[in-house]
Amino acid sequence: MSDLFVALTPANLLACFVGTVLGTIVGVLPGLGPAGAMALVLPLTIKLGPTAGLIMLAGIYYGAMYGGSTTSILVNVPGEAASVVTTIDGYRLARKGRAGAALAVAAIASFVAGTFSVVALQLAAPLVARAALAFGPAEYFAFALLGVVLLANLTGGSRAKSLAMVLLGVMLSTVGMDPLGGSVRFTFDLTGAQAGLSFVAVTTGLFGVAEVFASMTEPATTPVARVRFRELYPSREELRRSVPPMLRGTVLGFLVGLVPGPAATIASFVSYGVEKKVSKYRHELGTGAIEGVAGPEAANNAAAGGGMIPLLSLGLPFTPSTAVLLSGMLLMSVTPGPFLLRDHPNVFWGVIGSFYVGNVMLLLLNLPLVGVFARVATIPPRYLMPGVLVLCAVAAYSDNNNLFDVWVMVGAGIVGWAMRALDFNPAPLVLGLVLGPVLERSLLQALTIARGEVSGLWASGPAAVMLGAAVVAFVAPAVSALTRRIATRAV
Amino acid sequence: MSRDRWSALGLALLAIGYLLAGRRYALDTLATPGPGIVPVVAGLALLGVAIWLFVVAGSVSPARSVGGLPETGVAPQRLIKSSQVVLAAALVLYAALLPRLGFVVASFALVVVASRLMGLRGWWRPAALALGVIAASHLLFARWLGVPLP
């Protein structure tokens, strides 16, 4: 526990500061999301060492949640998918001249929720990690499979497309050496492919290069509402009205954060939906109500903390950002999972401690510098995006010092651009790529332990429950759609 | 035929190609599973999902949101501009010429081409931007952090 103070060393404080500032800028800029940005700075963080490097990556992750609200409120353009819902009331508040108050409430809600989620993470992650020590290959397989199915259900858009992307990711993960026997697969005699497809190269391609393509069809500049420092104080009435949605959003967001999928985005929508049902001022929602900012902003920040639990305690990431964090950990020879706390207590508690520090930094940064961050959003893409291409190439190459990875990055970028044009979301593909080896290793190990008996996969209670839940999660939407169709025909 | 049906066909072809390429890896037995098992399962599953997508694309309006959640993923870009195609070609050339020209020359050319394709006018501003990007990358990665550049 005393390792929490590791976050307060000058090097770690600096890493946290740089991470939160970068995260806020990434959140402010529409397009390049936290996963892409984290992949871009991976080479930099590796040089900082595991604790400082991971603190910086984590800072980008939760800093983006803060920054995303700024452009939602001032420009009506969400910097991040998780801030989409904030545009509804946030922008209307700005048009009523209450932009400063909305920004302040968003920052305070983010701070409250972020701090709550860190406390919960600090308490829950060691407990989950201890429970996970009893997990064998069958349980890991069942949990990863459940994650994949839930992910496909919750990603939004077509379920078939999400599943196809997860499977494509799993297929890409089979390139290179197989995780058990060491046989080389699908390399087509390319030496560079023997170590497998670089996760950094794929991520920078799908989220970085593809974003450059996308920016070429977007408007060049956006007008920004002016905010003066003295306008940043919400009225007593606004503060009073913000407290209940903030608290509801915090708890809801943390719980949603535990579920695989784009938890921060889902959490903000769920919170908004709950406010529309239970808030005393629900009739004002949609017309510029402070509840529409406080609830969703608390929820998306709490979800970011909740999403860290499966990563830190089980080693299983369920969002693209935590997948990049996992990749960073592995590159720094830190294996997340049940043994992380035992083997690397400095890293574990240092990262958690940095969340506290980062939340305070973000609050202090976001209130006075909101105008500066809002101006960042107006920088035309033609000045930023060409540099992103070069950064992507550096990040991809530095993963293995291999030019093959630059080709992978270029290929992933072009594929990612085509995927966007065809309404396919790249996030499930990235998670399939990360979870593929976990699924393969645990499935083959479970089968070997069970001497080839397939029933060995559900022989233990937890494995049976998780596999059952996966089957229900897979079948339920189809049954529900069928029932709806029959009911419609009957009418 | 709708775009989703074309996508389904593409995915099905990809799955079939993957399954054919994976034939050379042994399946062995379930008690001692070989390296071919997961590729077969993944390939067949993708083929099944592609068929599902093909059927669904013909019967339901596309991209309906799930569970009452609105579409919140990456915003689809329906327009393919010629400048995007040129940028794709420039990126392929960049990867091909990187070993011959080196990082500085290849990246300079890429930034100039990309910034002009994105609407930066003239030659001085793209060239200045390219020099700035290269100098910053060199200082930050090669000098300060010791990260090798491509």
# chains A, B, ... in the order shown; residues from 1 in each chain; ligands from 1

call {"tool": "select_by_dssp", "arguments": {"residues": "region 81-256 of chain A", "states": "strand (DSSP E or B)", "output": "list in words"}}
result
Gly176, Met177, Val184 and Arg185 of chain A

call {"tool": "write_last_selection", "arguments": {"atoms": "N, CA, C and O atoms", "output": "mmCIF file, in the first residue's frame"}}
result
data_model
loop_
_atom_site.group_PDB
_atom_site.id
_atom_site.type_symbol
_atom_site.label_atom_id
_atom_site.label_comp_id
_atom_site.auth_asym_id
_atom_site.auth_seq_id
_atom_site.Cartn_x
_atom_site.Cartn_y
_atom_site.Cartn_z
ATOM 1 N N GLY A 176 2.268 -15.902 -37.226
ATOM 2 C CA GLY A 176 3.483 -16.027 -36.400
ATOM 3 C C GLY A 176 3.487 -17.341 -35.637
ATOM 4 O O GLY A 176 2.830 -18.300 -36.038
ATOM 5 N N MET A 177 4.234 -17.359 -34.536
ATOM 6 C CA MET A 177 4.354 -18.616 -33.780
ATOM 7 C C MET A 177 3.092 -18.934 -33.006
ATOM 8 O O MET A 177 2.496 -18.038 -32.409
ATOM 9 N N VAL A 184 5.341 -22.111 -36.794
ATOM 10 C CA VAL A 184 5.162 -20.813 -37.455
ATOM 11 C C VAL A 184 4.005 -20.932 -38.445
ATOM 12 O O VAL A 184 3.962 -21.853 -39.258
ATOM 13 N N ARG A 185 3.046 -19.992 -38.344
ATOM 14 C CA ARG A 185 1.840 -20.085 -39.192
ATOM 15 C C ARG A 185 1.609 -18.795 -39.982
ATOM 16 O O ARG A 185 1.896 -17.705 -39.490
#

call {"tool": "residues_around", "arguments": {"residues": "Glu139 (chain A)", "least_positions_apart": "4", "cutoff": "8 Å", "atoms": "only C-alpha atoms", "output": "number ranges by chain"}}
result
A: 135, 143, 457, 460, 462-463, 466

call {"tool": "interface_residues", "arguments": {"of": "chain A", "to": "chain B", "cutoff": "6 Å", "atoms": "only C-alpha atoms", "output": "PyMOL selection string"}}
result
chain A and resi 156-158+160+164+382+386-387+397+407+420-421+423+447-448+451-452

call {"tool": "write_last_selection", "arguments": {"atoms": "N, CA and C atoms", "output": "PDB file, in the first residue's frame"}}
result
ATOM      1  N   GLY A 156     -22.257  -1.537 -30.709  1.00  0.00           N
ATOM      2  CA  GLY A 156     -23.121  -0.619 -31.458  1.00  0.00           C
ATOM      3  C   GLY A 156     -23.103  -0.982 -32.928  1.00  0.00           C
ATOM      4  N   GLY A 157     -24.150  -0.648 -33.643  1.00  0.00           N
ATOM      5  CA  GLY A 157     -24.219  -1.033 -35.050  1.00  0.00           C
ATOM      6  C   GLY A 157     -24.556  -2.501 -35.178  1.00  0.00           C
ATOM      7  N   SER A 158     -24.171  -3.088 -36.305  1.00  0.00           N
ATOM      8  CA  SER A 158     -24.537  -4.474 -36.590  1.00  0.00           C
ATOM      9  C   SER A 158     -23.717  -5.451 -35.750  1.00  0.00           C
ATOM     10  N   ALA A 160     -23.443  -8.675 -36.353  1.00  0.00           N
ATOM     11  CA  ALA A 160     -22.708  -9.566 -37.266  1.00  0.00           C
ATOM     12  C   ALA A 160     -21.383  -8.917 -37.662  1.00  0.00           C
ATOM     13  N   ALA A 164     -17.710 -10.305 -36.845  1.00  0.00           N
ATOM     14  CA  ALA A 164     -16.772 -10.534 -37.948  1.00  0.00           C
ATOM     15  C   ALA A 164     -15.438  -9.859 -37.645  1.00  0.00           C
ATOM     16  N   ARG A 382      -4.944  19.841 -41.533  1.00  0.00           N
ATOM     17  CA  ARG A 382      -3.845  19.810 -42.508  1.00  0.00           C
ATOM     18  C   ARG A 382      -2.493  20.129 -41.862  1.00  0.00           C
ATOM     19  N   PRO A 386      -0.508  15.352 -41.169  1.00  0.00           N
ATOM     20  CA  PRO A 386       0.696  14.822 -41.838  1.00  0.00           C
ATOM     21  C   PRO A 386       1.758  14.367 -40.829  1.00  0.00           C
ATOM     22  N   GLY A 387       1.870  15.105 -39.716  1.00  0.00           N
ATOM     23  CA  GLY A 387       2.821  14.702 -38.666  1.00  0.00           C
ATOM     24  C   GLY A 387       2.418  13.388 -38.019  1.00  0.00           C
ATOM     25  N   TYR A 397       7.653   1.126 -36.337  1.00  0.00           N
ATOM     26  CA  TYR A 397       9.009   0.602 -36.543  1.00  0.00           C
ATOM     27  C   TYR A 397       9.695   0.292 -35.216  1.00  0.00           C
ATOM     28  N   TRP A 407       5.080  -1.751 -43.009  1.00  0.00           N
ATOM     29  CA  TRP A 407       4.136  -2.257 -44.022  1.00  0.00           C
ATOM     30  C   TRP A 407       2.810  -2.645 -43.366  1.00  0.00           C
ATOM     31  N   ARG A 420     -14.097   1.921 -42.256  1.00  0.00           N
ATOM     32  CA  ARG A 420     -14.960   3.068 -41.914  1.00  0.00           C
ATOM     33  C   ARG A 420     -15.961   3.339 -43.027  1.00  0.00           C
ATOM     34  N   ALA A 421     -15.464   3.248 -44.263  1.00  0.00           N
ATOM     35  CA  ALA A 421     -16.349   3.512 -45.409  1.00  0.00           C
ATOM     36  C   ALA A 421     -17.467   2.479 -45.475  1.00  0.00           C
ATOM     37  N   ASP A 423     -18.803   0.972 -42.793  1.00  0.00           N
ATOM     38  CA  ASP A 423     -19.471   0.946 -41.476  1.00  0.00           C
ATOM     39  C   ASP A 423     -19.002  -0.202 -40.583  1.00  0.00           C
ATOM     40  N   LEU A 447      -8.245 -28.253 -23.123  1.00  0.00           N
ATOM     41  CA  LEU A 447      -8.528 -29.525 -23.809  1.00  0.00           C
ATOM     42  C   LEU A 447      -7.470 -30.574 -23.436  1.00  0.00           C
ATOM     43  N   THR A 448      -6.221 -30.149 -23.351  1.00  0.00           N
ATOM     44  CA  THR A 448      -5.156 -31.096 -23.006  1.00  0.00           C
ATOM     45  C   THR A 448      -5.359 -31.619 -21.585  1.00  0.00           C
ATOM     46  N   ARG A 451      -7.928 -34.174 -21.277  1.00  0.00           N
ATOM     47  CA  ARG A 451      -7.617 -35.329 -22.151  1.00  0.00           C
ATOM     48  C   ARG A 451      -8.557 -35.408 -23.354  1.00  0.00           C
ATOM     49  N   GLY A 452      -8.834 -34.256 -23.926  1.00  0.00           N
ATOM     50  CA  GLY A 452      -9.629 -34.230 -25.151  1.00  0.00           C
ATOM     51  C   GLY A 452     -11.128 -34.211 -24.932  1.00  0.00           C
TER      52      GLY A 452
END

call {"tool": "residues_around", "arguments": {"residues": "Ala82 (chain A)", "least_positions_apart": "3", "cutoff": "10 Å", "atoms": "only C-alpha atoms", "output": "PyMOL selection string"}}
result
(chain A and resi 27+64-65+68-69+78-79+85-86+262-269+296-297+299-301+303) or (chain B and resi 72-73)

call {"tool": "residues_around", "arguments": {"residues": "region 147-152 of chain A", "least_positions_apart": "2", "cutoff": "9 Å", "atoms": "only C-alpha atoms", "output": "PyMOL selection string"}}
result
chain A and resi 142-145+154-156+158-166+259-262+318-319+428+431-432+435+470-471+473-474

call {"tool": "residues_around", "arguments": {"residues": "Thr115 (chain A)", "least_positions_apart": "4", "cutoff": "10 Å", "atoms": "only C-alpha atoms", "output": "count of residues only"}}
result
16
